[in-house]
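Below is one structure; the comments refer to it alone.
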Amino acid sequence: LSDLGEIAKMYCLSEGSKWTFSDSFELGCQVMQKKLHLQGIIISEEFPNQVEDTPEELGILQLEEQRMRVELSEAYRITREFGMDELVWNHISVLLSDGSFLITPGSRMFDDIGPGDLVKSSGNITADIIHEAVYKTRSDVKAIVHLHTPATVAVSCLEMGFVPLAQEAAPFVSRVGRHPWHGVSNDREEQQLLGESVKDDKINTLLMENHGFCTFGRTLGEAWVLAFYFDKACQTQLSCLQTGQKINYPNERVLAHAAEQSLLPEFLPGACEWDALRKMLTRSSRYRR
Ligand SMILES: [Zn+2]
């Protein structure tokens, strides 16, 4: 619901609208609560099941989708800018209030995905299984980034798994789940196992053994920035191991303190970085459609 203010502003400013900002905001709250109720995420007698959406409610939902299409296509292009993509594979998704999620069509390079190219079911069974499993299990997760960067894949192949060593690893202390490799994720049984691996809501990252990783966020910015730092923390871990020198492991108490600090609003992953990353795209203007 973090974008509701913006959506309400767009709605009351839209052509022919007679709505005030506070009326639009209230309508937005109402429609999103109704959708959460229909998905079984909140229980309330105020919202009977199967009520048709009014034109105004549909208007709000359309605006939400429009906004998220723009932001998600930017997330793909930002991933490409940092060289964290893998041809047309890997996937980033966002959940919409109606319970569906937007994702890559799976056939385009990440710098060639515009708002209108995003789809609601990718047709890529792997993408659908992984993302659906997490959204079904974790009602707090609104965005997922799944990547196979070289450092994270290498760490996913280590028996020791991920080990937090430097400051950038603070958001991941005791928050990384592990999921064994089952081959290409294409069956419903694996979906259940994936759900099991992430059901603890402290988990913000899933290390998928011999495969890659996923990060989870309450916003797209949070999930993406977590992915960036997880990749960096894995690079640090590998660089340290490669020296063959004795590692100076961080003090447990300091590590726990840093982990707590990473939850403060001003240090929350994405809070400062996401808008700056989005601006980076228009500055470089390399994307043309
Ligand atoms: Zn994968």
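Each chain of the structure tokens is named A, B, ... in the order shown, its residues numbered from 1; ligands are numbered from 1 in display order.
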Given a cut-off of 7 Å, what residues near ligand 1 show up using only C-alpha atoms and all ligand atoms, put as a VMD selection string?
chain A and resid 90 146 to 148 211 to 212
File dump, residues just selected, C-alpha atoms, as an mmCIF file, in the first residue's frame:
data_model
loop_
_atom_site.group_PDB
_atom_site.id
_atom_site.type_symbol
_atom_site.label_atom_id
_atom_site.label_comp_id
_atom_site.auth_asym_id
_atom_site.auth_seq_id
_atom_site.Cartn_x
_atom_site.Cartn_y
_atom_site.Cartn_z
ATOM 1 C CA ASN A 90 15.853 -14.953 -14.575
ATOM 2 C CA HIS A 146 15.458 -13.993 -8.844
ATOM 3 C CA LEU A 147 18.938 -13.902 -10.420
ATOM 4 C CA HIS A 148 21.915 -16.155 -11.221
ATOM 5 C CA HIS A 211 21.314 -22.551 -8.805
ATOM 6 C CA GLY A 212 21.101 -18.878 -7.683
#
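Close contacts of stretch 12-24 of chain A, defined as residues with an atom at most 12 Å away when counting only C-alpha atoms, with chain neighbours fewer than 3 positions off set aside, comprise Leu4, Gly5, Glu6, Ile7, Ala8, Lys9, Leu27, Gly28, Cys29, Gln30, Val31, Glu56, Glu57, Gly59, Ile60, Leu61 and Leu63 of chain A.
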Residues near A:Asp231, cut-off 9 Å, only C-alpha atoms, skip fewer than 4 positions along chain, as JSON, numbers by chain
{"A": [84, 149, 150, 151, 152, 226, 227, 235, 236]}
Please give the complete set of residues from stretch 88-285 of chain A that DSSP, run on the backbone, assigns to helix (DSSP H, G or I), formatted as a ChimeraX atom specification.
/A:110-112,115-117,125-137,150-156,167-172,188-198,220-243,252-261,265-267,273-284
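The residue that comes closest to A:Arg67, out of A:Asp3, A:Asp275, A:Asp117, A:Glu266 and on the basis of only C-alpha atoms, is A:Asp3.
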Name the residues in contact with stretch 166-178 of chain A at a cut-off of 8 Å, using only C-alpha atoms, excluding same-chain residues fewer than 4 positions from it; report them as a PDB file with C-alpha atoms, in the first residue's frame.
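Saved the output as part.pdb:
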ATOM      1  CA  PHE A 162      26.416 -17.808   2.650  1.00  0.00           C
ATOM      2  CA  SER A 197      11.891 -22.815   2.757  1.00  0.00           C
ATOM      3  CA  VAL A 198      10.610 -19.220   3.034  1.00  0.00           C
ATOM      4  CA  LYS A 202      12.475 -13.057   8.902  1.00  0.00           C
ATOM      5  CA  ILE A 203      13.851 -14.563   5.679  1.00  0.00           C
ATOM      6  CA  ASN A 204      14.552 -11.872   3.069  1.00  0.00           C
ATOM      7  CA  THR A 205      16.783 -13.989   0.807  1.00  0.00           C
ATOM      8  CA  LEU A 206      16.634 -17.558  -0.417  1.00  0.00           C
ATOM      9  CA  LEU A 207      19.915 -19.154  -1.451  1.00  0.00           C
ATOM     10  CA  MET A 208      18.912 -21.782  -4.022  1.00  0.00           C
ATOM     11  CA  GLU A 209      21.652 -24.402  -3.875  1.00  0.00           C
ATOM     12  CA  LEU A 226      18.729  -6.445  -1.351  1.00  0.00           C
ATOM     13  CA  TYR A 229      23.935  -6.160  -1.758  1.00  0.00           C
ATOM     14  CA  PHE A 230      23.536  -9.938  -1.596  1.00  0.00           C
ATOM     15  CA  LYS A 232      28.176  -7.906  -3.405  1.00  0.00           C
ATOM     16  CA  ALA A 233      28.342  -9.793  -0.089  1.00  0.00           C
ATOM     17  CA  THR A 236      33.306 -10.435  -0.789  1.00  0.00           C
ATOM     18  CA  PRO A 250      33.125 -10.271  12.454  1.00  0.00           C
ATOM     19  CA  LEU A 255      27.173  -8.291  13.575  1.00  0.00           C
ATOM     20  CA  ALA A 256      23.863  -8.505  15.478  1.00  0.00           C
ATOM     21  CA  ALA A 258      24.662  -4.017  12.393  1.00  0.00           C
ATOM     22  CA  ALA A 259      21.785  -6.340  11.463  1.00  0.00           C
ATOM     23  CA  SER A 262      19.910  -2.300   8.744  1.00  0.00           C
ATOM     24  CA  LEU A 263      16.235  -2.341   9.761  1.00  0.00           C
ATOM     25  CA  PRO A 269      17.503  -1.362   1.663  1.00  0.00           C
TER      26      PRO A 269
END
Which of stretch 55-145 of chain A DSSP labels strand (DSSP E), written as a CSV table (one decimal) with N, CA, C and O atoms, in the first residue's frame:
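Dumped everything to result_3.csv:
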chain,number,residue,atom,x,y,z
A,91,HIS,N,14.1,-13.7,-13.4
A,91,HIS,CA,12.9,-13.0,-13.4
A,91,HIS,C,12.7,-12.1,-12.1
A,91,HIS,O,13.1,-12.5,-11.0
A,92,ILE,N,12.1,-11.0,-12.4
A,92,ILE,CA,11.7,-10.1,-11.3
A,92,ILE,C,10.2,-9.9,-11.4
A,92,ILE,O,9.7,-9.7,-12.5
A,93,SER,N,9.5,-9.9,-10.2
A,93,SER,CA,8.0,-9.8,-10.3
A,93,SER,C,7.5,-8.8,-9.2
A,93,SER,O,8.2,-8.6,-8.2
A,94,VAL,N,6.3,-8.2,-9.4
A,94,VAL,CA,5.7,-7.5,-8.4
A,94,VAL,C,4.2,-8.0,-8.3
A,94,VAL,O,3.6,-8.3,-9.3
A,95,LEU,N,3.7,-8.0,-7.0
A,95,LEU,CA,2.4,-8.4,-6.8
A,95,LEU,C,1.4,-7.2,-6.9
A,95,LEU,O,1.7,-6.2,-6.4
A,101,PHE,N,0.4,-11.3,-10.4
A,101,PHE,CA,1.7,-10.6,-10.4
A,101,PHE,C,2.2,-10.4,-11.8
A,101,PHE,O,1.9,-11.1,-12.8
A,102,LEU,N,3.0,-9.3,-12.0
A,102,LEU,CA,3.6,-8.9,-13.3
A,102,LEU,C,5.0,-9.5,-13.3
A,102,LEU,O,5.7,-9.4,-12.3
A,143,ALA,N,7.3,-8.1,-3.8
A,143,ALA,CA,8.2,-8.1,-4.9
A,143,ALA,C,9.3,-9.1,-4.7
A,143,ALA,O,9.7,-9.3,-3.6
A,144,ILE,N,9.7,-9.8,-5.8
A,144,ILE,CA,10.7,-10.8,-5.8
A,144,ILE,C,11.7,-10.6,-6.9
A,144,ILE,O,11.3,-10.3,-8.1
A,145,VAL,N,13.0,-10.7,-6.6
A,145,VAL,CA,14.0,-10.7,-7.6
A,145,VAL,C,14.7,-12.0,-7.6
A,145,VAL,O,15.2,-12.5,-6.5
Shortest interatomic distance to A:Ile247 - which of A:Val141, A:Leu38, A:Val163, A:Leu277, counting only C-alpha atoms:
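Ranking A:Val141, A:Leu38, A:Val163, A:Leu277 by distance to A:Ile247, first place goes to A:Val163.
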Give me, as an MDAnalysis selection string, all polymer residues having an atom no more than 10 Å from A:Thr79, counting only C-alpha atoms and skipping those fewer than 2 positions away in the same chain.
chainID A and resid 74:77 81:86 92 110:111 145 147 224 227:228
For A:Thr219, list every protein, DNA or RNA residue within 7 Å, evaluated using only C-alpha atoms, and leave out those in the same chain fewer than 3 positions away; present the list as a tab-separated table (two decimals) with N, CA, C and O atoms, in the first residue's frame.
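Written output follows (result38.tsv):
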chain	number	residue	atom	x	y	z
A	142	LYS	N	5.86	-8.33	-1.50
A	142	LYS	CA	5.17	-7.70	-2.64
A	142	LYS	C	6.03	-7.69	-3.90
A	142	LYS	O	5.56	-7.29	-4.96
A	143	ALA	N	7.31	-8.05	-3.76
A	143	ALA	CA	8.20	-8.06	-4.93
A	143	ALA	C	9.29	-9.11	-4.73
A	143	ALA	O	9.74	-9.33	-3.60
A	222	GLU	N	13.06	-2.36	-2.38
A	222	GLU	CA	13.69	-3.13	-1.31
A	222	GLU	C	14.23	-4.46	-1.85
A	222	GLU	O	15.37	-4.83	-1.59
A	223	ALA	N	13.40	-5.17	-2.63
A	223	ALA	CA	13.84	-6.47	-3.16
A	223	ALA	C	15.05	-6.31	-4.07
A	223	ALA	O	16.00	-7.09	-4.02
Between atom CA of A:Gly40 and atom CA of A:Ser100, measure the distance and give it in Å to one decimal.
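Computing it gives 14.0 Å between the two atoms.
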